[in-house]
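Engineer: Contents of model_13.tsv (TSV, N, CA and C atoms):
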chain	number	residue	atom	x	y	z
X	1	VAL	N	60.30	4.92	-102.95
X	1	VAL	CA	59.27	5.02	-103.97
X	1	VAL	C	59.62	4.05	-105.09
X	2	ILE	N	58.70	3.17	-105.39
X	2	ILE	CA	58.90	2.21	-106.48
X	2	ILE	C	57.74	2.38	-107.45
X	3	PRO	N	58.02	2.85	-108.67
X	3	PRO	CA	56.94	3.03	-109.64
X	3	PRO	C	56.39	1.69	-110.11
X	4	ASN	N	55.14	1.70	-110.51
X	4	ASN	CA	54.50	0.48	-110.99
X	4	ASN	C	54.91	0.23	-112.43
X	5	GLN	N	55.79	-0.75	-112.64
X	5	GLN	CA	56.23	-1.11	-113.98
X	5	GLN	C	55.99	-2.60	-114.21
X	6	THR	N	54.93	-3.12	-113.60
X	6	THR	CA	54.66	-4.55	-113.71
X	6	THR	C	53.74	-4.89	-114.86
X	7	GLY	N	53.03	-3.92	-115.41
X	7	GLY	CA	52.09	-4.19	-116.49
X	7	GLY	C	52.81	-4.38	-117.82
X	8	TYR	N	52.02	-4.79	-118.81
X	8	TYR	CA	52.56	-4.99	-120.16
X	8	TYR	C	52.97	-3.65	-120.74
X	9	ALA	N	54.18	-3.54	-121.16
X	9	ALA	CA	54.69	-2.31	-121.75
X	9	ALA	C	54.81	-2.48	-123.25
X	10	PRO	N	54.02	-1.75	-124.04
X	10	PRO	CA	54.17	-1.85	-125.49
X	10	PRO	C	55.54	-1.33	-125.91
X	11	TYR	N	56.07	-1.91	-126.96
X	11	TYR	CA	57.39	-1.48	-127.41
X	11	TYR	C	57.37	-1.28	-128.91
X	12	ARG	N	58.35	-0.52	-129.36
X	12	ARG	CA	58.51	-0.29	-130.79
X	12	ARG	C	59.57	-1.25	-131.30
X	13	GLU	N	59.32	-1.79	-132.48
X	13	GLU	CA	60.25	-2.76	-133.06
X	13	GLU	C	60.67	-2.29	-134.45
X	14	PHE	N	61.97	-2.34	-134.69
X	14	PHE	CA	62.54	-1.92	-135.96
X	14	PHE	C	63.39	-3.05	-136.52
X	15	THR	N	63.36	-3.23	-137.84
X	15	THR	CA	64.23	-4.18	-138.51
X	15	THR	C	65.28	-3.41	-139.28
X	16	VAL	N	66.54	-3.74	-139.03
X	16	VAL	CA	67.67	-3.08	-139.69
X	16	VAL	C	68.22	-4.03	-140.74
X	17	HIS	N	68.15	-3.62	-142.00
X	17	HIS	CA	68.70	-4.42	-143.10
X	17	HIS	C	70.16	-4.02	-143.29
X	18	THR	N	71.06	-4.97	-143.16
X	18	THR	CA	72.48	-4.66	-143.22
X	18	THR	C	73.00	-4.53	-144.65
X	19	GLY	N	72.19	-4.88	-145.63
X	19	GLY	CA	72.58	-4.67	-147.02
X	19	GLY	C	73.16	-5.87	-147.72
X	20	GLY	N	73.63	-6.83	-146.98
X	20	GLY	CA	74.22	-8.01	-147.61
X	20	GLY	C	73.16	-9.04	-147.94
X	21	VAL	N	73.31	-9.71	-149.07
X	21	VAL	CA	72.37	-10.76	-149.45
X	21	VAL	C	72.69	-12.04	-148.69
X	22	ILE	N	73.95	-12.42	-148.67
X	22	ILE	CA	74.38	-13.61	-147.94
X	22	ILE	C	75.38	-13.15	-146.88
X	23	SER	N	75.03	-13.36	-145.64
X	23	SER	CA	75.89	-12.94	-144.54
X	23	SER	C	76.78	-14.09	-144.10
X	24	THR	N	78.06	-13.82	-143.96
X	24	THR	CA	78.98	-14.86	-143.50
X	24	THR	C	78.87	-15.06	-142.00
X	25	LEU	N	78.26	-14.10	-141.28
X	25	LEU	CA	78.15	-14.21	-139.83
X	25	LEU	C	76.85	-14.85	-139.37
X	26	GLN	N	75.93	-15.14	-140.28
X	26	GLN	CA	74.62	-15.61	-139.84
X	26	GLN	C	74.66	-16.98	-139.17
X	27	ASP	N	75.66	-17.80	-139.45
X	27	ASP	CA	75.75	-19.12	-138.85
X	27	ASP	C	76.62	-19.16	-137.59
X	28	ILE	N	77.23	-18.04	-137.23
X	28	ILE	CA	78.08	-17.99	-136.05
X	28	ILE	C	77.23	-17.77	-134.82
X	29	LYS	N	77.45	-18.58	-133.79
X	29	LYS	CA	76.72	-18.44	-132.53
X	29	LYS	C	77.58	-17.66	-131.56
X	30	LEU	N	77.08	-16.52	-131.12
X	30	LEU	CA	77.78	-15.68	-130.16
X	30	LEU	C	77.00	-15.64	-128.85
X	31	PRO	N	77.68	-15.45	-127.72
X	31	PRO	CA	76.95	-15.39	-126.45
X	31	PRO	C	76.10	-14.12	-126.38
X	32	ASP	N	74.96	-14.24	-125.73
X	32	ASP	CA	74.12	-13.07	-125.50
X	32	ASP	C	74.79	-12.19	-124.44
X	33	THR	N	74.61	-10.88	-124.56
X	33	THR	CA	75.22	-9.95	-123.62
X	33	THR	C	74.16	-9.02	-123.06
X	34	ALA	N	74.50	-8.35	-121.98
X	34	ALA	CA	73.59	-7.39	-121.36
X	34	ALA	C	74.43	-6.33	-120.66
X	35	GLY	N	73.82	-5.20	-120.39
X	35	GLY	CA	74.52	-4.12	-119.70
X	35	GLY	C	73.56	-3.01	-119.35
X	36	GLY	N	74.11	-1.95	-118.79
X	36	GLY	CA	73.28	-0.82	-118.39
X	36	GLY	C	74.07	0.47	-118.38
X	37	TYR	N	73.34	1.56	-118.37
X	37	TYR	CA	73.95	2.89	-118.33
X	37	TYR	C	73.07	3.78	-117.46
X	38	SER	N	73.66	4.42	-116.46
X	38	SER	CA	72.94	5.39	-115.63
X	38	SER	C	73.29	6.79	-116.10
X	39	TYR	N	72.27	7.60	-116.29
X	39	TYR	CA	72.49	8.97	-116.73
X	39	TYR	C	73.35	9.71	-115.70
X	40	SER	N	74.22	10.59	-116.20
X	40	SER	CA	74.91	11.48	-115.28
X	40	SER	C	73.84	12.42	-114.73
X	41	ASN	N	73.95	12.76	-113.49
X	41	ASN	CA	72.89	13.51	-112.83
X	41	ASN	C	73.30	14.96	-112.61
X	42	PRO	N	73.17	15.81	-113.63
X	42	PRO	CA	73.52	17.21	-113.44
X	42	PRO	C	72.46	17.91	-112.60
X	43	ASP	N	72.88	18.95	-111.89
X	43	ASP	CA	71.96	19.69	-111.03
X	43	ASP	C	70.87	20.39	-111.83
X	44	TRP	N	71.14	20.71	-113.08
X	44	TRP	CA	70.18	21.46	-113.89
X	44	TRP	C	69.09	20.59	-114.49
X	45	SER	N	69.17	19.28	-114.32
X	45	SER	CA	68.18	18.38	-114.93
X	45	SER	C	67.72	17.31	-113.94
X	46	PRO	N	66.78	17.65	-113.04
X	46	PRO	CA	66.29	16.64	-112.10
X	46	PRO	C	65.46	15.54	-112.77
X	47	LEU	N	65.03	15.75	-114.01
X	47	LEU	CA	64.27	14.71	-114.71
X	47	LEU	C	65.12	13.48	-115.03
X	48	LEU	N	66.45	13.66	-115.09
X	48	LEU	CA	67.34	12.54	-115.40
X	48	LEU	C	67.82	11.80	-114.16
X	49	ALA	N	67.43	12.28	-112.99
X	49	ALA	CA	67.86	11.63	-111.75
X	49	ALA	C	67.25	10.24	-111.66
X	50	ASN	N	68.04	9.28	-111.26
X	50	ASN	CA	67.60	7.90	-111.04
X	50	ASN	C	67.02	7.25	-112.30
X	51	ARG	N	67.59	7.56	-113.45
X	51	ARG	CA	67.16	6.94	-114.71
X	51	ARG	C	68.29	6.09	-115.26
X	52	THR	N	67.92	4.94	-115.79
X	52	THR	CA	68.90	3.98	-116.28
X	52	THR	C	68.40	3.36	-117.58
X	53	ILE	N	69.34	3.10	-118.49
X	53	ILE	CA	69.04	2.36	-119.71
X	53	ILE	C	69.65	0.98	-119.56
X	54	TYR	N	68.83	-0.04	-119.77
X	54	TYR	CA	69.30	-1.42	-119.77
X	54	TYR	C	69.23	-1.96	-121.19
X	55	TRP	N	70.18	-2.81	-121.55
X	55	TRP	CA	70.12	-3.44	-122.86
X	55	TRP	C	70.51	-4.89	-122.74
X	56	ARG	N	70.04	-5.66	-123.71
X	56	ARG	CA	70.45	-7.05	-123.82
X	56	ARG	C	70.38	-7.44	-125.28
X	57	THR	N	71.27	-8.38	-125.64
X	57	THR	CA	71.28	-8.90	-127.00
X	57	THR	C	70.86	-10.36	-126.96
X	58	MET	N	70.15	-10.77	-127.99
X	58	MET	CA	69.73	-12.15	-128.15
X	58	MET	C	69.89	-12.49	-129.62
X	59	GLY	N	71.06	-13.05	-129.99
X	59	GLY	CA	71.33	-13.36	-131.39
X	59	GLY	C	71.46	-12.09	-132.22
X	60	ASP	N	70.48	-11.84	-133.09
X	60	ASP	CA	70.52	-10.66	-133.94
X	60	ASP	C	69.57	-9.57	-133.46
X	61	THR	N	69.14	-9.64	-132.18
X	61	THR	CA	68.17	-8.69	-131.63
X	61	THR	C	68.79	-7.90	-130.49
X	62	LEU	N	68.58	-6.59	-130.50
X	62	LEU	CA	69.01	-5.69	-129.42
X	62	LEU	C	67.76	-5.10	-128.80
X	63	GLU	N	67.64	-5.26	-127.49
X	63	GLU	CA	66.50	-4.74	-126.74
X	63	GLU	C	67.00	-3.66	-125.79
X	64	LEU	N	66.45	-2.45	-125.92
X	64	LEU	CA	66.80	-1.32	-125.05
X	64	LEU	C	65.58	-0.92	-124.25
X	65	SER	N	65.74	-0.73	-122.95
X	65	SER	CA	64.63	-0.25	-122.14
X	65	SER	C	65.16	0.74	-121.11
X	66	GLU	N	64.36	1.77	-120.87
X	66	GLU	CA	64.74	2.83	-119.94
X	66	GLU	C	63.83	2.75	-118.72
X	67	VAL	N	64.42	2.87	-117.53
X	67	VAL	CA	63.69	2.75	-116.27
X	67	VAL	C	63.99	3.98	-115.44
X	68	SER	N	62.97	4.50	-114.77
X	68	SER	CA	63.13	5.62	-113.86
X	68	SER	C	62.57	5.24	-112.51
X	69	LEU	N	63.30	5.60	-111.45
X	69	LEU	CA	62.80	5.35	-110.10
X	69	LEU	C	61.86	6.46	-109.64
X	70	ASN	N	61.82	7.58	-110.37
X	70	ASN	CA	61.00	8.72	-109.97
X	70	ASN	C	59.70	8.85	-110.76
X	71	PHE	N	59.67	8.32	-111.98
X	71	PHE	CA	58.52	8.52	-112.86
X	71	PHE	C	58.13	7.20	-113.52
X	72	ASN	N	56.87	7.09	-113.88
X	72	ASN	CA	56.42	5.98	-114.71
X	72	ASN	C	56.65	6.39	-116.16
X	73	LEU	N	57.55	5.71	-116.83
X	73	LEU	CA	57.86	6.02	-118.22
X	73	LEU	C	56.96	5.22	-119.15
X	74	LEU	N	56.46	5.87	-120.16
X	74	LEU	CA	55.61	5.22	-121.15
X	74	LEU	C	56.41	5.02	-122.43
X	75	ARG	N	56.16	3.91	-123.12
X	75	ARG	CA	56.84	3.59	-124.38
X	75	ARG	C	58.36	3.68	-124.19
X	76	ASN	N	58.85	3.00	-123.19
X	76	ASN	CA	60.25	3.08	-122.81
X	76	ASN	C	61.08	1.89	-123.29
X	77	LYS	N	60.55	1.14	-124.27
X	77	LYS	CA	61.27	-0.04	-124.74
X	77	LYS	C	61.32	-0.04	-126.26
X	78	VAL	N	62.52	-0.33	-126.81
X	78	VAL	CA	62.73	-0.40	-128.25
X	78	VAL	C	63.47	-1.70	-128.56
X	79	VAL	N	63.05	-2.38	-129.63
X	79	VAL	CA	63.71	-3.61	-130.05
X	79	VAL	C	64.19	-3.43	-131.49
X	80	TYR	N	65.48	-3.69	-131.71
X	80	TYR	CA	66.08	-3.62	-133.05
X	80	TYR	C	66.46	-5.03	-133.47
X	81	LYS	N	66.02	-5.43	-134.65
X	81	LYS	CA	66.41	-6.73	-135.20
X	81	LYS	C	67.31	-6.48	-136.41
X	82	PHE	N	68.55	-6.96	-136.31
X	82	PHE	CA	69.52	-6.81	-137.39
X	82	PHE	C	69.44	-8.06	-138.25
X	83	GLN	N	68.96	-7.91	-139.45
X	83	GLN	CA	68.68	-9.04	-140.33
X	83	GLN	C	69.96	-9.80	-140.68
X	84	ASP	N	69.99	-11.09	-140.34
X	84	ASP	CA	71.10	-12.00	-140.67
X	84	ASP	C	72.46	-11.51	-140.20
X	85	SER	N	72.52	-10.84	-139.05
X	85	SER	CA	73.79	-10.35	-138.55
X	85	SER	C	73.80	-10.40	-137.03
X	86	PRO	N	74.50	-11.37	-136.43
X	86	PRO	CA	74.55	-11.43	-134.97
X	86	PRO	C	75.30	-10.24	-134.39
X	87	LEU	N	74.93	-9.86	-133.19
X	87	LEU	CA	75.53	-8.69	-132.54
X	87	LEU	C	76.77	-9.12	-131.75
X	88	LEU	N	77.84	-8.36	-131.92
X	88	LEU	CA	79.08	-8.62	-131.22
X	88	LEU	C	79.05	-7.97	-129.85
X	89	ASP	N	79.91	-8.44	-128.96
X	89	ASP	CA	80.03	-7.85	-127.63
X	89	ASP	C	80.67	-6.47	-127.75
X	90	GLY	N	80.30	-5.55	-126.88
X	90	GLY	CA	80.93	-4.24	-126.88
X	90	GLY	C	79.96	-3.09	-127.07
X	91	ILE	N	78.68	-3.30	-126.86
X	91	ILE	CA	77.71	-2.21	-126.97
X	91	ILE	C	77.98	-1.21	-125.86
X	92	SER	N	77.95	0.07	-126.21
X	92	SER	CA	78.18	1.11	-125.21
X	92	SER	C	77.21	2.26	-125.42
X	93	VAL	N	76.91	2.95	-124.33
X	93	VAL	CA	75.98	4.09	-124.34
X	93	VAL	C	76.72	5.30	-123.80
X	94	HIS	N	76.51	6.45	-124.47
X	94	HIS	CA	77.17	7.70	-124.07
X	94	HIS	C	76.17	8.84	-124.14
X	95	GLU	N	76.43	9.88	-123.35
X	95	GLU	CA	75.63	11.12	-123.41
X	95	GLU	C	76.48	12.20	-124.03
X	96	SER	N	75.86	13.00	-124.89
X	96	SER	CA	76.57	14.12	-125.49
X	96	SER	C	75.59	15.23	-125.83
X	97	TRP	N	75.73	16.35	-125.17
X	97	TRP	CA	74.93	17.54	-125.47
X	97	TRP	C	73.43	17.24	-125.49
X	98	GLY	N	72.96	16.54	-124.48
X	98	GLY	CA	71.54	16.28	-124.36
X	98	GLY	C	71.03	15.14	-125.21
X	99	HIS	N	71.92	14.40	-125.87
X	99	HIS	CA	71.53	13.25	-126.68
X	99	HIS	C	72.15	11.98	-126.11
X	100	VAL	N	71.47	10.87	-126.30
X	100	VAL	CA	72.00	9.58	-125.91
X	100	VAL	C	72.46	8.86	-127.16
X	101	ILE	N	73.69	8.38	-127.15
X	101	ILE	CA	74.28	7.72	-128.32
X	101	ILE	C	74.56	6.26	-127.94
X	102	VAL	N	74.03	5.34	-128.75
X	102	VAL	CA	74.28	3.91	-128.54
X	102	VAL	C	75.18	3.42	-129.67
X	103	LEU	N	76.34	2.89	-129.30
X	103	LEU	CA	77.29	2.36	-130.28
X	103	LEU	C	77.16	0.84	-130.32
X	104	ILE	N	76.91	0.31	-131.52
X	104	ILE	CA	76.70	-1.13	-131.69
X	104	ILE	C	77.78	-1.66	-132.63
X	105	PRO	N	78.67	-2.54	-132.14
X	105	PRO	CA	79.73	-3.07	-133.02
X	105	PRO	C	79.21	-4.09	-134.01
Take the structure in the file and write it out as structure tokens.

Structural biologist:
Amino acid sequence: VIPNQTGYAPYREFTVHTGGVISTLQDIKLPDTAGGYSYSNPDWSPLLANRTIYWRTMGDTLELSEVSLNFNLLRNKVVYKFQDSPLLDGISVHESWGHVIVLIP
């Protein structure tokens, strides 16, 4: 079963102001990174089966999208733009008590 995820998916976009007026990191070029996280599949939650979060960084932008092999997910993409602050390597995703936690260095 392959869900139809070929159409245009609207996404939510947020701008994160880091608070600094002049950033010393804004001129540093860092490589773009990408990764993924598959939900642990407990027996009590079949809704989380075959679901994955993918992320990628592009300069000061972090793009998160969630994909399910069992369901067509709506509004499954979020874009965060960190103003004048490039993203470092080391983004990680964790599950804790029914919540998903994304750590951004």

Engineer: Which one is closest to Ser65 in chain X: X:Lys77, X:Ser85, X:Ser38, X:Ser92? Count all atoms listed in the file.

Structural biologist: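 Looking only at the distances to Ser65 in chain X, the closest residue turns out to be X:Lys77.
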
Engineer: Looking at only C-alpha atoms, which of X:Asp84, X:Glu66, X:Asp32, X:Asp89 is the one that sits closest to Thr15 in chain X?

Structural biologist: X:Asp84

Engineer: Identify, with DSSP run on backbone atoms, the residues in chain X assigned to strand (DSSP E), and express the list as a PyMOL selection string.

Structural biologist: chain X and resi 12-16+34-38+51-58+61-68+77-82+92-96+99-103

Engineer: Can you pull out the residues contacting Ser68 in chain X? Cut-off 6 Å, using all atoms listed in the file, and skip same-chain residues under 4 positions away; I want them as a list in words.

Structural biologist: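 So the residues in contact are Asn50, Arg51, Thr52 and Leu73 of chain X.
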
Engineer: Work out how far CA of Trp55 in chain X is from CA of Tyr80 in chain X, in Å to one decimal.

Structural biologist: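 Calculated distance between CA of Tyr80 in chain X and CA of Trp55 in chain X is 11.0 Å.
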
Engineer: Can you work out the spacing between CA of Thr18 in chain X and CA of Gln83 in chain X in Å, to one decimal?

Structural biologist: 6.5 Å

Engineer: Separation of atom N of Met58 in chain X and atom C of Phe14 in chain X, in Å?

Structural biologist: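 The value is 13.3 Å.
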
Engineer: Taking all atoms listed in the file into account, name the residue in X:Lys81, X:Lys29, X:Arg12, X:Arg75 that is nearest to Thr61 in chain X.

Structural biologist: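 The answer is X:Lys81, which sits nearest to Thr61 in chain X.
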
Engineer: When you count only N, CA and C atoms, which of these residues is closest to Leu69 in chain X: X:Ala34, X:Val100, X:Pro86, X:Ala49?

Structural biologist: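 Among the listed residues, the smallest separation from Leu69 in chain X belongs to X:Ala49.
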
Engineer: Return the single residue from X:Pro31, X:Gly19, X:Gly36, X:Gly90 that is closest to Ile104 in chain X, with distances computed using all atoms listed in the file.

Structural biologist: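 Looking at the shortest contact to Ile104 in chain X, the residue is X:Gly90.
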
Engineer: List as a VMD selection string the protein and nucleic acid residues near Val102 in chain X, meaning an atom at most 10 Å away when only C-alpha atoms are counted, but skip any in the same chain fewer than 2 places from it.

Structural biologist: chain X and resid 64 91 to 95 99 to 100 104 to 105

Engineer: Of the residues X:Ile28, X:Leu103, X:Gly98, X:Asn72, which is the one nearest to Ser45 in chain X, using only C-alpha atoms?

Structural biologist: X:Gly98

Engineer: Hey, what's within 6 Å of Glu63 in chain X if we count only N, CA and C atoms and toss same-chain stuff fewer than 4 positions away? As a PyMOL selection string, please?

Structural biologist: chain X and resi 54-57+78-80

Engineer: Please export range 63-74 of chain X as a CSV table (one decimal), in the first residue's frame, restricted to all heavy atoms.

Structural biologist:
chain,number,residue,atom,x,y,z
X,63,GLU,N,13.5,22.0,7.9
X,63,GLU,CA,12.3,21.5,7.3
X,63,GLU,C,12.0,20.1,7.9
X,63,GLU,O,12.8,19.2,7.8
X,63,GLU,CB,12.4,21.4,5.8
X,63,GLU,CG,11.2,20.9,5.1
X,63,GLU,CD,11.4,20.9,3.6
X,63,GLU,OE1,11.8,21.9,3.0
X,63,GLU,OE2,11.3,19.8,3.0
X,64,LEU,N,10.8,20.0,8.5
X,64,LEU,CA,10.4,18.7,9.1
X,64,LEU,C,9.1,18.2,8.4
X,64,LEU,O,8.2,19.0,8.2
X,64,LEU,CB,10.0,18.9,10.6
X,64,LEU,CG,11.1,19.3,11.6
X,64,LEU,CD1,10.5,19.8,12.9
X,64,LEU,CD2,12.0,18.1,11.8
X,65,SER,N,9.1,17.0,8.0
X,65,SER,CA,7.9,16.4,7.4
X,65,SER,C,7.7,15.0,7.9
X,65,SER,O,8.7,14.2,8.2
X,65,SER,CB,8.0,16.4,5.9
X,65,SER,OG,9.2,15.8,5.4
X,66,GLU,N,6.5,14.6,8.1
X,66,GLU,CA,6.1,13.3,8.7
X,66,GLU,C,5.4,12.5,7.6
X,66,GLU,O,4.5,13.1,6.9
X,66,GLU,CB,5.2,13.5,9.9
X,66,GLU,CG,4.9,12.2,10.5
X,66,GLU,CD,4.1,12.3,11.8
X,66,GLU,OE1,3.6,13.5,12.1
X,66,GLU,OE2,3.9,11.3,12.5
X,67,VAL,N,5.8,11.3,7.4
X,67,VAL,CA,5.2,10.4,6.4
X,67,VAL,C,4.7,9.1,7.0
X,67,VAL,O,5.3,8.6,7.9
X,67,VAL,CB,6.3,10.1,5.3
X,67,VAL,CG1,5.8,9.1,4.3
X,67,VAL,CG2,6.9,11.3,4.7
X,68,SER,N,3.5,8.7,6.5
X,68,SER,CA,3.0,7.4,7.0
X,68,SER,C,2.7,6.5,5.8
X,68,SER,O,2.2,7.0,4.8
X,68,SER,CB,1.6,7.7,7.7
X,68,SER,OG,1.0,6.4,8.1
X,69,LEU,N,3.1,5.2,6.0
X,69,LEU,CA,2.8,4.3,4.9
X,69,LEU,C,1.4,3.8,5.0
X,69,LEU,O,0.9,3.1,4.1
X,69,LEU,CB,3.8,3.1,5.0
X,69,LEU,CG,5.2,3.5,4.7
X,69,LEU,CD1,6.1,2.2,4.9
X,69,LEU,CD2,5.4,4.1,3.4
X,70,ASN,N,0.7,4.0,6.1
X,70,ASN,CA,-0.7,3.5,6.3
X,70,ASN,C,-1.8,4.5,6.1
X,70,ASN,O,-2.9,4.2,5.8
X,70,ASN,CB,-0.8,2.9,7.7
X,70,ASN,CG,0.1,1.8,8.0
X,70,ASN,OD1,0.6,1.2,7.1
X,70,ASN,ND2,0.4,1.5,9.2
X,71,PHE,N,-1.5,5.8,6.3
X,71,PHE,CA,-2.5,6.9,6.2
X,71,PHE,C,-2.0,8.0,5.4
X,71,PHE,O,-0.8,8.3,5.3
X,71,PHE,CB,-2.8,7.4,7.6
X,71,PHE,CG,-3.2,6.4,8.6
X,71,PHE,CD1,-2.3,5.9,9.5
X,71,PHE,CD2,-4.5,5.8,8.6
X,71,PHE,CE1,-2.7,4.9,10.4
X,71,PHE,CE2,-4.9,4.9,9.5
X,71,PHE,CZ,-4.0,4.4,10.4
X,72,ASN,N,-2.9,8.8,4.8
X,72,ASN,CA,-2.6,10.0,4.1
X,72,ASN,C,-2.6,11.1,5.2
X,72,ASN,O,-3.6,11.4,5.8
X,72,ASN,CB,-3.6,10.4,3.0
X,72,ASN,CG,-3.4,9.5,1.8
X,72,ASN,OD1,-2.3,9.1,1.5
X,72,ASN,ND2,-4.5,9.3,1.1
X,73,LEU,N,-1.4,11.7,5.5
X,73,LEU,CA,-1.4,12.7,6.5
X,73,LEU,C,-1.6,14.1,5.9
X,73,LEU,O,-1.0,14.4,4.9
X,73,LEU,CB,0.0,12.7,7.2
X,73,LEU,CG,0.4,11.3,7.9
X,73,LEU,CD1,1.8,11.4,8.4
X,73,LEU,CD2,-0.6,11.0,9.0
X,74,LEU,N,-2.3,14.9,6.6
X,74,LEU,CA,-2.6,16.3,6.1
X,74,LEU,C,-1.8,17.2,7.0
X,74,LEU,O,-1.6,17.0,8.2
X,74,LEU,CB,-4.1,16.6,6.2
X,74,LEU,CG,-5.0,15.7,5.4
X,74,LEU,CD1,-6.4,16.0,5.7
X,74,LEU,CD2,-4.7,15.8,3.9
